[in-house]
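Structure data follow from entry_31.tsv (TSV, C-alpha atoms):
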chain	number	residue	atom	x	y	z
A	1	ARG	CA	3.56	-3.75	21.52
A	2	ARG	CA	2.78	-0.03	21.19
A	3	GLY	CA	5.15	2.83	20.59
A	4	ILE	CA	3.26	5.76	22.17
A	5	VAL	CA	0.23	5.33	24.45
A	6	VAL	CA	-1.70	8.29	25.85
A	7	GLU	CA	-4.87	7.47	27.79
A	8	ASP	CA	-7.00	9.87	29.84
A	9	GLN	CA	-4.37	12.61	29.59
A	10	ALA	CA	-4.13	16.18	28.31
A	11	TYR	CA	-1.40	18.60	27.22
A	12	VAL	CA	1.29	16.04	26.45
A	13	THR	CA	4.06	16.64	23.87
A	14	VAL	CA	6.04	13.89	22.15
A	15	ASP	CA	8.86	15.24	19.98
A	16	GLY	CA	11.49	13.46	17.90
A	17	VAL	CA	10.68	9.81	18.62
A	18	ALA	CA	11.37	6.98	16.15
A	19	CYS	CA	9.39	3.72	16.31
A	20	ASP	CA	10.32	0.81	14.09
A	21	LYS	CA	8.66	-2.62	13.98
A	22	THR	CA	6.13	-1.89	16.74
A	23	ASP	CA	2.70	-3.47	16.31
A	24	GLU	CA	0.94	-0.14	16.81
A	25	TYR	CA	2.62	3.25	16.57
A	26	ILE	CA	0.34	5.68	18.43
A	27	TYR	CA	-2.69	4.99	20.63
A	28	LEU	CA	-4.69	7.99	21.82
A	29	SER	CA	-7.75	7.33	24.00
A	30	ASN	CA	-9.91	9.91	25.75
A	31	SER	CA	-7.08	12.43	25.56
A	32	HIS	CA	-6.84	15.96	24.23
A	33	HIS	CA	-4.24	18.56	23.30
A	34	VAL	CA	-1.62	15.89	22.70
A	35	TRP	CA	1.12	17.03	20.30
A	36	ILE	CA	3.13	14.44	18.41
A	37	LYS	CA	5.69	16.00	16.09
A	38	ASN	CA	8.95	15.33	14.25
A	39	CYS	CA	8.60	11.56	14.65
A	40	THR	CA	9.10	8.53	12.40
A	41	PHE	CA	6.99	5.37	12.46
A	42	ASP	CA	7.58	2.44	10.13
A	43	HIS	CA	7.40	-1.33	9.51
A	44	SER	CA	4.50	-2.62	11.59
A	45	PRO	CA	5.00	-6.41	11.58
A	46	VAL	CA	1.34	-7.34	12.23
A	47	ARG	CA	-0.10	-9.79	9.70
A	48	ARG	CA	-3.31	-10.78	11.44
A	49	SER	CA	-6.76	-9.32	12.08
A	50	TRP	CA	-6.97	-5.56	11.25
A	51	PRO	CA	-3.88	-3.58	12.28
A	52	ASN	CA	-3.89	0.20	12.73
A	53	GLY	CA	-0.70	2.21	13.04
A	54	VAL	CA	-2.25	5.29	14.67
A	55	ARG	CA	-5.57	5.15	16.53
A	56	PHE	CA	-7.74	7.97	17.85
A	57	ARG	CA	-10.55	6.52	19.95
A	58	GLU	CA	-13.01	7.24	22.74
A	59	ASN	CA	-13.20	11.01	22.42
A	60	ALA	CA	-9.57	11.72	21.51
A	61	HIS	CA	-10.06	15.34	20.45
A	62	HIS	CA	-8.07	18.51	19.70
A	63	ASN	CA	-4.83	16.59	19.11
A	64	TRP	CA	-2.06	17.47	16.66
A	65	ILE	CA	0.25	15.23	14.60
A	66	ALA	CA	2.79	17.23	12.58
A	67	ASN	CA	6.01	16.78	10.61
A	68	CYS	CA	5.99	13.00	10.93
A	69	ARG	CA	6.71	10.12	8.55
A	70	ILE	CA	4.22	7.30	9.08
A	71	SER	CA	4.17	4.19	6.90
A	72	ARG	CA	3.80	0.43	6.33
A	73	VAL	CA	0.78	-0.87	8.19
A	74	GLY	CA	-1.35	-3.68	6.80
A	75	TYR	CA	-1.10	-6.65	4.49
A	76	SER	CA	-2.86	-8.39	1.63
A	77	THR	CA	-4.23	-11.86	1.03
A	78	ALA	CA	-5.28	-13.48	-2.21
A	79	ASP	CA	-8.70	-11.82	-2.04
A	80	ASP	CA	-8.57	-9.04	0.57
A	81	ASP	CA	-6.62	-6.14	2.07
A	82	LYS	CA	-6.28	-5.48	5.78
A	83	GLY	CA	-5.38	-2.58	8.01
A	84	GLY	CA	-4.49	1.07	7.68
A	85	VAL	CA	-1.89	3.60	8.74
A	86	MET	CA	-4.32	5.79	10.72
A	87	HIS	CA	-7.87	5.50	12.07
A	88	ILE	CA	-9.71	8.53	13.48
A	89	GLY	CA	-12.57	6.83	15.29
A	90	VAL	CA	-16.11	7.78	16.23
A	91	GLY	CA	-16.24	10.79	18.55
A	92	SER	CA	-12.61	11.77	17.96
A	93	ASP	CA	-13.30	15.24	16.57
A	94	TYR	CA	-11.29	18.41	16.01
A	95	ASN	CA	-7.92	16.78	15.36
A	96	LEU	CA	-5.25	18.19	13.03
A	97	ILE	CA	-2.88	16.15	10.84
A	98	GLU	CA	-0.40	18.29	8.91
A	99	ASN	CA	2.97	18.39	7.17
A	100	CYS	CA	3.37	14.61	7.27
A	101	THR	CA	4.36	12.00	4.72
A	102	ILE	CA	1.97	9.07	5.02
A	103	SER	CA	2.42	5.96	2.89
A	104	TYR	CA	1.85	2.23	2.44
A	105	GLY	CA	-1.40	1.13	4.07
A	106	GLY	CA	-3.23	-2.13	3.53
A	107	HIS	CA	-6.81	-0.95	2.94
A	108	HIS	CA	-6.15	2.78	3.23
A	109	LEU	CA	-3.74	5.32	4.67
A	110	ILE	CA	-6.27	7.26	6.79
A	111	GLU	CA	-9.86	6.39	7.62
A	112	VAL	CA	-11.96	9.15	9.19
A	113	VAL	CA	-15.28	8.24	10.82
A	114	ALA	CA	-15.35	11.33	13.08
A	115	SER	CA	-16.13	15.01	12.41
A	116	TYR	CA	-14.45	18.41	12.24
A	117	ASN	CA	-10.97	17.03	11.58
A	118	VAL	CA	-8.48	18.86	9.36
A	119	ILE	CA	-5.92	17.03	7.20
A	120	ARG	CA	-3.64	19.50	5.44
A	121	ASN	CA	-0.25	19.95	3.78
A	122	ASN	CA	0.54	16.23	3.73
A	123	TYR	CA	1.98	13.96	1.06
A	124	PHE	CA	0.15	10.67	0.55
A	125	HIS	CA	1.26	7.78	-1.65
A	126	ASN	CA	0.18	4.15	-1.63
A	127	GLU	CA	1.52	2.54	-4.77
A	128	GLU	CA	2.05	-1.23	-4.98
A	129	TRP	CA	4.09	-2.37	-1.97
A	130	MET	CA	2.34	-5.44	-0.43
A	131	SER	CA	3.06	-8.95	-1.59
A	132	ALA	CA	0.25	-10.15	-3.88
A	133	PRO	CA	1.56	-12.87	-6.20
A	134	HIS	CA	-1.72	-13.07	-8.12
A	135	ARG	CA	-1.38	-9.45	-9.26
A	136	THR	CA	0.61	-10.13	-12.41
A	137	GLU	CA	-0.32	-6.66	-13.73
A	138	THR	CA	1.94	-5.10	-11.10
A	139	ASP	CA	4.66	-7.72	-10.74
A	140	GLY	CA	3.12	-9.46	-7.73
A	141	LYS	CA	2.53	-6.33	-5.64
A	142	ALA	CA	-0.60	-4.53	-4.41
A	143	GLY	CA	-1.36	-1.02	-3.13
A	144	ASN	CA	-4.52	0.89	-2.29
A	145	ARG	CA	-6.28	4.22	-1.65
A	146	HIS	CA	-5.23	7.19	0.49
A	147	VAL	CA	-8.14	8.54	2.55
A	148	ASN	CA	-11.66	7.30	3.37
A	149	ILE	CA	-14.21	9.60	4.98
A	150	ASP	CA	-16.90	7.20	6.07
A	151	GLY	CA	-19.44	6.16	8.68
A	152	SER	CA	-20.95	8.93	10.80
A	153	GLY	CA	-18.11	11.38	10.19
A	154	THR	CA	-18.93	14.73	8.58
A	155	ARG	CA	-17.63	18.29	8.19
A	156	ASN	CA	-14.00	17.33	7.70
A	157	VAL	CA	-11.48	19.34	5.66
A	158	LEU	CA	-8.83	18.04	3.24
A	159	GLU	CA	-6.63	20.96	2.27
A	160	ARG	CA	-3.36	21.48	0.36
A	161	ASN	CA	-2.43	17.80	0.30
A	162	LEU	CA	-0.72	15.88	-2.46
A	163	PHE	CA	-2.60	12.63	-3.15
A	164	ALA	CA	-0.50	10.61	-5.58
A	165	PHE	CA	-0.02	7.01	-6.71
A	166	SER	CA	-2.93	5.08	-5.27
A	167	GLY	CA	-2.30	1.46	-6.23
A	168	LEU	CA	-3.97	-1.67	-7.52
A	169	PRO	CA	-5.60	-3.49	-4.55
A	170	PRO	CA	-5.42	-7.27	-4.17
A	171	ASP	CA	-9.22	-7.68	-4.37
A	172	GLN	CA	-10.62	-5.01	-6.74
A	173	ASP	CA	-10.00	-3.62	-10.19
A	174	GLY	CA	-8.46	-0.43	-8.83
A	175	SER	CA	-8.45	2.29	-6.18
A	176	SER	CA	-9.29	5.98	-6.24
A	177	GLY	CA	-7.09	8.41	-4.37
A	178	VAL	CA	-9.70	9.67	-1.90
A	179	SER	CA	-13.16	8.22	-1.20
A	180	VAL	CA	-15.80	10.45	0.44
A	181	ARG	CA	-18.92	8.66	1.68
A	182	THR	CA	-20.45	11.26	4.01
A	183	SER	CA	-21.79	14.83	3.85
A	184	HIS	CA	-20.65	18.42	4.36
A	185	ASN	CA	-16.93	17.88	3.79
A	186	ILE	CA	-14.58	20.37	2.14
A	187	ILE	CA	-11.90	19.23	-0.30
A	188	ARG	CA	-9.88	22.25	-1.41
A	189	ARG	CA	-6.51	23.25	-2.89
A	190	ASN	CA	-5.21	19.69	-3.14
A	191	VAL	CA	-3.34	18.00	-5.97
A	192	PHE	CA	-4.58	14.58	-7.13
A	193	CYS	CA	-2.15	13.02	-9.57
A	194	ASP	CA	-1.19	9.62	-10.97
A	195	ASN	CA	-3.82	7.71	-9.01
A	196	ASP	CA	-4.89	4.29	-10.23
A	197	LEU	CA	-8.56	5.29	-10.68
A	198	ALA	CA	-10.22	8.67	-10.10
A	199	GLY	CA	-8.34	11.12	-7.94
A	200	LEU	CA	-11.51	11.73	-5.92
A	201	ASN	CA	-14.55	9.44	-5.66
A	202	LEU	CA	-17.80	10.48	-3.98
A	203	SER	CA	-19.53	7.21	-3.24
A	204	ALA	CA	-22.95	6.15	-1.95
A	205	ALA	CA	-22.46	2.41	-1.55
A	206	GLY	CA	-24.89	-0.15	-0.19
A	207	TYR	CA	-23.46	0.13	3.30
A	208	THR	CA	-23.25	3.97	3.36
A	209	LYS	CA	-24.80	5.28	6.58
A	210	GLN	CA	-25.93	8.67	5.28
A	211	ASP	CA	-26.75	10.45	2.05
A	212	VAL	CA	-23.70	12.00	0.44
A	213	ARG	CA	-24.69	15.66	0.24
A	214	PHE	CA	-23.31	19.18	0.33
A	215	ASN	CA	-19.67	18.26	-0.23
A	216	ARG	CA	-17.50	21.08	-1.59
A	217	VAL	CA	-14.67	20.46	-4.07
A	218	TYR	CA	-12.81	23.74	-4.69
A	219	HIS	CA	-9.53	24.86	-6.29
A	220	ASN	CA	-7.98	21.41	-6.77
A	221	VAL	CA	-5.74	20.05	-9.52
A	222	PHE	CA	-6.61	16.66	-11.05
A	223	PHE	CA	-3.72	15.54	-13.25
A	224	HIS	CA	-3.05	12.22	-15.00
A	225	ASN	CA	-5.44	10.10	-12.93
A	226	ALA	CA	-7.26	6.86	-13.81
A	227	TYR	CA	-4.67	5.09	-15.93
A	228	ALA	CA	-5.58	1.86	-14.18
A	229	ALA	CA	-3.05	-0.95	-13.91
A	230	LYS	CA	-5.96	-3.35	-14.44
A	231	THR	CA	-8.86	-2.64	-16.78
A	232	GLY	CA	-11.07	-0.72	-14.39
A	233	PHE	CA	-14.75	0.05	-14.08
A	234	VAL	CA	-15.35	2.86	-16.59
A	235	PRO	CA	-17.16	5.32	-14.24
A	236	PHE	CA	-14.00	5.53	-12.15
A	237	LEU	CA	-11.80	6.43	-15.12
A	238	SER	CA	-11.90	10.21	-14.68
A	239	GLY	CA	-10.49	12.95	-12.51
A	240	VAL	CA	-13.55	12.95	-10.21
A	241	SER	CA	-16.17	10.19	-10.08
A	242	LEU	CA	-19.60	10.20	-8.41
A	243	THR	CA	-20.95	6.68	-7.98
A	244	LYS	CA	-24.16	5.31	-6.42
A	245	TYR	CA	-24.77	1.64	-5.65
A	246	GLY	CA	-27.48	1.54	-2.98
A	247	ARG	CA	-30.48	3.44	-1.64
A	248	ARG	CA	-28.48	6.47	-0.48
A	249	THR	CA	-28.21	9.48	-2.78
A	250	ILE	CA	-25.50	11.90	-3.91
A	251	THR	CA	-26.81	15.46	-4.26
A	252	ASP	CA	-25.78	19.08	-3.85
A	253	THR	CA	-22.11	18.48	-4.60
A	254	THR	CA	-20.26	21.64	-5.58
A	255	ILE	CA	-17.31	21.15	-7.95
A	256	MET	CA	-15.91	24.58	-8.72
A	257	ASN	CA	-12.67	26.27	-9.80
A	258	ASN	CA	-10.74	23.04	-10.35
A	259	VAL	CA	-8.22	22.24	-13.08
A	260	PHE	CA	-8.51	18.89	-14.88
A	261	TRP	CA	-5.69	17.90	-17.23
A	262	ARG	CA	-4.48	14.67	-18.87
A	263	ASN	CA	-6.82	12.36	-16.98
A	264	SER	CA	-7.64	9.05	-18.64
A	265	GLY	CA	-9.76	9.41	-21.77
A	266	LYS	CA	-9.76	13.17	-21.24
A	267	ARG	CA	-12.66	12.63	-18.84
A	268	ALA	CA	-12.86	15.20	-16.09
A	269	ILE	CA	-15.99	14.17	-14.16
A	270	SER	CA	-18.04	10.99	-14.44
A	271	PHE	CA	-21.39	9.92	-12.99
A	272	TYR	CA	-22.78	6.45	-12.28
A	273	HIS	CA	-26.47	6.38	-11.30
A	274	VAL	CA	-26.00	9.96	-10.08
A	275	ASP	CA	-27.97	12.83	-11.62
A	276	PRO	CA	-25.64	15.65	-12.75
A	277	ALA	CA	-28.59	18.05	-12.56
A	278	ASN	CA	-28.59	17.66	-8.76
A	279	GLN	CA	-24.98	18.86	-8.49
A	280	PHE	CA	-23.41	22.29	-9.03
A	281	VAL	CA	-20.46	22.24	-11.42
A	282	SER	CA	-19.02	25.55	-12.53
A	283	HIS	CA	-15.87	27.45	-13.52
A	284	ASN	CA	-13.62	24.42	-13.93
A	285	LEU	CA	-10.96	24.01	-16.58
A	286	LEU	CA	-12.08	20.75	-18.16
A	287	GLU	CA	-10.78	18.80	-21.10
A	288	GLY	CA	-12.41	16.31	-23.43
A	289	GLU	CA	-15.99	15.25	-22.82
A	290	GLY	CA	-16.05	15.78	-19.07
A	291	GLY	CA	-18.41	12.93	-18.33
A	292	HIS	CA	-21.98	14.13	-18.82
A	293	LEU	CA	-21.12	17.83	-18.59
A	294	SER	CA	-20.60	18.52	-22.28
A	295	ARG	CA	-22.72	21.67	-22.17
A	296	ARG	CA	-20.64	23.18	-19.41
A	297	ILE	CA	-17.10	22.53	-20.54
A	298	LEU	CA	-14.72	24.50	-22.70
A	299	LYS	CA	-15.15	23.44	-26.31
A	300	GLU	CA	-11.42	23.51	-26.94
A	301	VAL	CA	-8.72	21.81	-24.92
A	302	HIS	CA	-6.70	24.47	-23.15
A	303	ASP	CA	-3.39	23.50	-21.62
A	304	PRO	CA	-3.39	25.03	-18.12
A	305	LEU	CA	0.38	25.61	-18.45
A	306	PHE	CA	1.58	24.27	-15.15
A	307	PHE	CA	5.06	25.33	-14.15
A	308	ARG	CA	6.40	21.80	-14.62
A	309	ASP	CA	4.39	18.67	-15.36
A	310	GLU	CA	6.42	17.02	-18.11
A	311	THR	CA	8.93	15.33	-15.83
A	312	PRO	CA	7.88	11.75	-14.97
A	313	THR	CA	6.79	11.77	-11.35
A	314	LYS	CA	8.08	9.30	-8.79
A	315	PRO	CA	6.56	8.44	-5.41
A	316	VAL	CA	9.77	9.25	-3.56
A	317	ARG	CA	10.34	12.50	-5.45
A	318	PRO	CA	7.11	14.54	-5.41
A	319	GLU	CA	9.10	17.72	-5.94
A	320	LEU	CA	9.76	16.71	-9.55
A	321	THR	CA	6.44	18.29	-10.53
A	322	ASN	CA	5.14	21.78	-9.85
A	323	PHE	CA	1.45	22.41	-10.45
A	324	GLN	CA	1.58	26.12	-9.89
A	325	LEU	CA	0.32	28.04	-12.90
A	326	THR	CA	2.66	30.08	-15.06
A	327	ALA	CA	1.98	33.69	-15.94
A	328	LYS	CA	0.63	32.66	-19.39
A	329	SER	CA	-1.87	30.17	-18.01
A	330	PRO	CA	-5.41	30.64	-19.38
For the structure just supplied, provide its representation as structure tokens.
Amino acid sequence: RRGIVVEDQAYVTVDGVACDKTDEYIYLSNSHHVWIKNCTFDHSPVRRSWPNGVRFRENAHHNWIANCRISRVGYSTADDDKGGVMHIGVGSDYNLIENCTISYGGHHLIEVVASYNVIRNNYFHNEEWMSAPHRTETDGKAGNRHVNIDGSGTRNVLERNLFAFSGLPPDQDGSSGVSVRTSHNIIRRNVFCDNDLAGLNLSAAGYTKQDVRFNRVYHNVFFHNAYAAKTGFVPFLSGVSLTKYGRRTITDTTIMNNVFWRNSGKRAISFYHVDPANQFVSHNLLEGEGGHLSRRILKEVHDPLFFRDETPTKPVRPELTNFQLTAKSP
């Protein structure tokens, strides 16, 4: 059962539709200039194979999803997590996802394996929501990450999003907010806060299909990340982590003009089998030891003086914090 199906079509608008308990919410195939806006999608009942709530496939390009609430796709087992809220598949380029609230995915909220897509002005949260009785650390619940950029996808933009409350997965020690595993992506003007592990992880894993190079991380806020529910792998306990596991390399990453504050262990940026000398890190407000960047950080801890960060944040109330800088900010 599918809520919205658009195949081999162009210039279609869907406005104000609500789908509840459909197996798949949106299916776009070989279609372009499809607008889906002001809709609500929730409670996919699928508990088998690998469910996807929204699928872009077979050259679904130049489409727009805006002002929607999309949630609850996927499930967990004793040793795995399945499914995701959205999948932007190979060849589905130049799509725009904006002004949406996207939450509660099994393995992820959005996976991007295409190029030239823009994801902006959205609120992502994926705290523990799936049944996982073995996760005693989180009262029998599991969550997961927000966004994967993976496979052959490249040159995507993540801009002005709030990535908050990634959760403890059923099968690993933790989850970062966003995982980037390809090259030439731009991550700018986002807020990463209260994620289980690092807010942003650049990863070259054993299965990575390309070197992870020339990614740009500009003007972001990394606040209170990496307080893992389960004792996590130390290289992920920072605001940003760069981790290498296989033969692929991570080089030419630019991390510039970001604010790091109150991340676990006062660690701003960490490296695991990645050479910091092959990256460009400059003009960030860092605190603590900053991974292996001790020569480049401020020697004193300077509070950035956000407008309001002292109020405990809640997944359903992101407006309780305001990471704009006050007039007295250093």
> Could you name the residues that touch Glu98 (chain A) at 8 Å or less, counting only C-alpha atoms, but leaving out those on the same chain fewer than 4 positions away, as a count of residues only?
Replying inline: 8
> For Val12 (chain A), which residue among A:Phe214, A:Ser29, A:Val34, A:Val112 is the nearest when counting all atoms listed in the file?
Replying inline: A:Val34
> Any idea what the distance is between CA of Tyr218 (chain A) and CA of Leu168 (chain A)?
Replying inline: 27.1 Å
> Using all atoms listed in the file, what residues lie at most 8 Å away from (-9.9, 8.6, 0.3) (file coordinates), given as a list in words?
Replying inline: His108, Ile110, Glu111, Arg145, His146, Val147, Asn148, Ile149, Ser176, Gly177, Val178, Ser179, Val180, Leu200 and Asn201 of chain A
Would you mind exporting the chosen residues as a PDB file, in the coordinates of the input, restricted to C-alpha atoms?
ATOM      1  CA  HIS A 108      -6.150   2.780   3.230  1.00  0.00           C
ATOM      2  CA  ILE A 110      -6.270   7.260   6.790  1.00  0.00           C
ATOM      3  CA  GLU A 111      -9.860   6.390   7.620  1.00  0.00           C
ATOM      4  CA  ARG A 145      -6.280   4.220  -1.650  1.00  0.00           C
ATOM      5  CA  HIS A 146      -5.230   7.190   0.490  1.00  0.00           C
ATOM      6  CA  VAL A 147      -8.140   8.540   2.550  1.00  0.00           C
ATOM      7  CA  ASN A 148     -11.660   7.300   3.370  1.00  0.00           C
ATOM      8  CA  ILE A 149     -14.210   9.600   4.980  1.00  0.00           C
ATOM      9  CA  SER A 176      -9.290   5.980  -6.240  1.00  0.00           C
ATOM     10  CA  GLY A 177      -7.090   8.410  -4.370  1.00  0.00           C
ATOM     11  CA  VAL A 178      -9.700   9.670  -1.900  1.00  0.00           C
ATOM     12  CA  SER A 179     -13.160   8.220  -1.200  1.00  0.00           C
ATOM     13  CA  VAL A 180     -15.800  10.450   0.440  1.00  0.00           C
ATOM     14  CA  LEU A 200     -11.510  11.730  -5.920  1.00  0.00           C
ATOM     15  CA  ASN A 201     -14.550   9.440  -5.660  1.00  0.00           C
TER      16      ASN A 201
END
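With all atoms listed in the file as the atoms that count, the residue of A:Pro318, A:Gly89, A:Gly174, A:Gly265 with the shortest distance to Leu162 (chain A) is A:Pro318.
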>> Please determine, counting all atoms listed in the file, which residue among A:Lys21, A:Arg155, A:His224, A:Arg213 has the shortest atom-to-atom distance to Asn278 (chain A).
In response: A:Arg213
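Ranking A:Ser49, A:Ser71, A:Thr231, A:Thr254 by their shortest atom-to-atom distance to Pro276 (chain A), with only C-alpha atoms included, puts A:Thr254 first.
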> Which one of A:Leu285, A:Leu325, A:Ala142, A:Ile26 sits closest to Gln172 (chain A) if you count only C-alpha atoms?
Replying inline: A:Ala142
>> Report, in Å with one decimal, the straight-line distance from CA of His62 (chain A) to CA of Ser115 (chain A).
In response: 11.4 Å
Compute the distance from (-3.9, 23.5, 1.3) to each atom, counting all atoms listed in the file, keep the residues with any atom at most 7 Å away, and return them as a CSV table (one decimal) with C-alpha atoms, in the coordinates of the input; use the coordinates of the file.
chain,number,residue,atom,x,y,z
A,120,ARG,CA,-3.6,19.5,5.4
A,121,ASN,CA,-0.2,20.0,3.8
A,159,GLU,CA,-6.6,21.0,2.3
A,160,ARG,CA,-3.4,21.5,0.4
A,161,ASN,CA,-2.4,17.8,0.3
A,188,ARG,CA,-9.9,22.2,-1.4
A,189,ARG,CA,-6.5,23.2,-2.9
A,190,ASN,CA,-5.2,19.7,-3.1
As AutoDock Vina command-line options, please report the centre and edge lengths, rounded to one decimal in Å, of the axis-aligned box that holds all listed atoms of region 28-45 of chain A with 8 Å of padding on each of the six sides.
--center_x -0.4 --center_y 6.1 --center_z 17.6 --size_x 35.0 --size_y 41.0 --size_z 32.2
> So which residues touch Gly199 (chain A) within 10 Å, counting all atoms listed in the file, skipping near sequence neighbours fewer than 6 positions away, as an MDAnalysis selection string?
Replying inline: chainID A and resid 145:146 163:166 175:179 191:193 221:226 236:241 263
With C-alpha atoms retained, write the just-selected residues as a short mmCIF file (atom, residue, chain, number, x, y, z; two decimals), in the frame of the given file.
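Below you can see part.cif, which holds the result:
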data_model
loop_
_atom_site.label_atom_id
_atom_site.label_comp_id
_atom_site.auth_asym_id
_atom_site.auth_seq_id
_atom_site.Cartn_x
_atom_site.Cartn_y
_atom_site.Cartn_z
CA ARG A 145 -6.28 4.22 -1.65
CA HIS A 146 -5.23 7.19 0.49
CA PHE A 163 -2.60 12.63 -3.15
CA ALA A 164 -0.50 10.61 -5.58
CA PHE A 165 -0.02 7.01 -6.71
CA SER A 166 -2.93 5.08 -5.27
CA SER A 175 -8.45 2.29 -6.18
CA SER A 176 -9.29 5.98 -6.24
CA GLY A 177 -7.09 8.41 -4.37
CA VAL A 178 -9.70 9.67 -1.90
CA SER A 179 -13.16 8.22 -1.20
CA VAL A 191 -3.34 18.00 -5.97
CA PHE A 192 -4.58 14.58 -7.13
CA CYS A 193 -2.15 13.02 -9.57
CA VAL A 221 -5.74 20.05 -9.52
CA PHE A 222 -6.61 16.66 -11.05
CA PHE A 223 -3.72 15.54 -13.25
CA HIS A 224 -3.05 12.22 -15.00
CA ASN A 225 -5.44 10.10 -12.93
CA ALA A 226 -7.26 6.86 -13.81
CA PHE A 236 -14.00 5.53 -12.15
CA LEU A 237 -11.80 6.43 -15.12
CA SER A 238 -11.90 10.21 -14.68
CA GLY A 239 -10.49 12.95 -12.51
CA VAL A 240 -13.55 12.95 -10.21
CA SER A 241 -16.17 10.19 -10.08
CA ASN A 263 -6.82 12.36 -16.98
#
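Taking CA of Ala268 (chain A) as the reference point, CA of Val85 (chain A) is found at 29.5 Å.
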> Which residues come within 6 Å of region 13-17 of chain A, counting only C-alpha atoms, excluding same-chain residues fewer than 6 positions away, as a PyMOL selection string?
Replying inline: chain A and resi 34-39
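Excluding Asp80 (chain A) itself and same-chain residues fewer than 6 positions from it, the residues having an atom within 9 Å of it are His107, Pro169, Pro170, Asp171 and Gln172 of chain A, counting only C-alpha atoms.
The nearest approach to Gly74 (chain A) among the residues A:Tyr227, A:Tyr104, A:Phe233, A:Phe280, with only C-alpha atoms taken into account, belongs to A:Tyr104.
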>> I'd like the neighbourhood of Asp211 (chain A) as a PyMOL selection string, where a residue qualifies if any of its atoms comes within 9 Å (using only C-alpha atoms), though same-chain residues fewer than 5 positions away should be ignored.
In response: chain A and resi 181-183+204+247-251
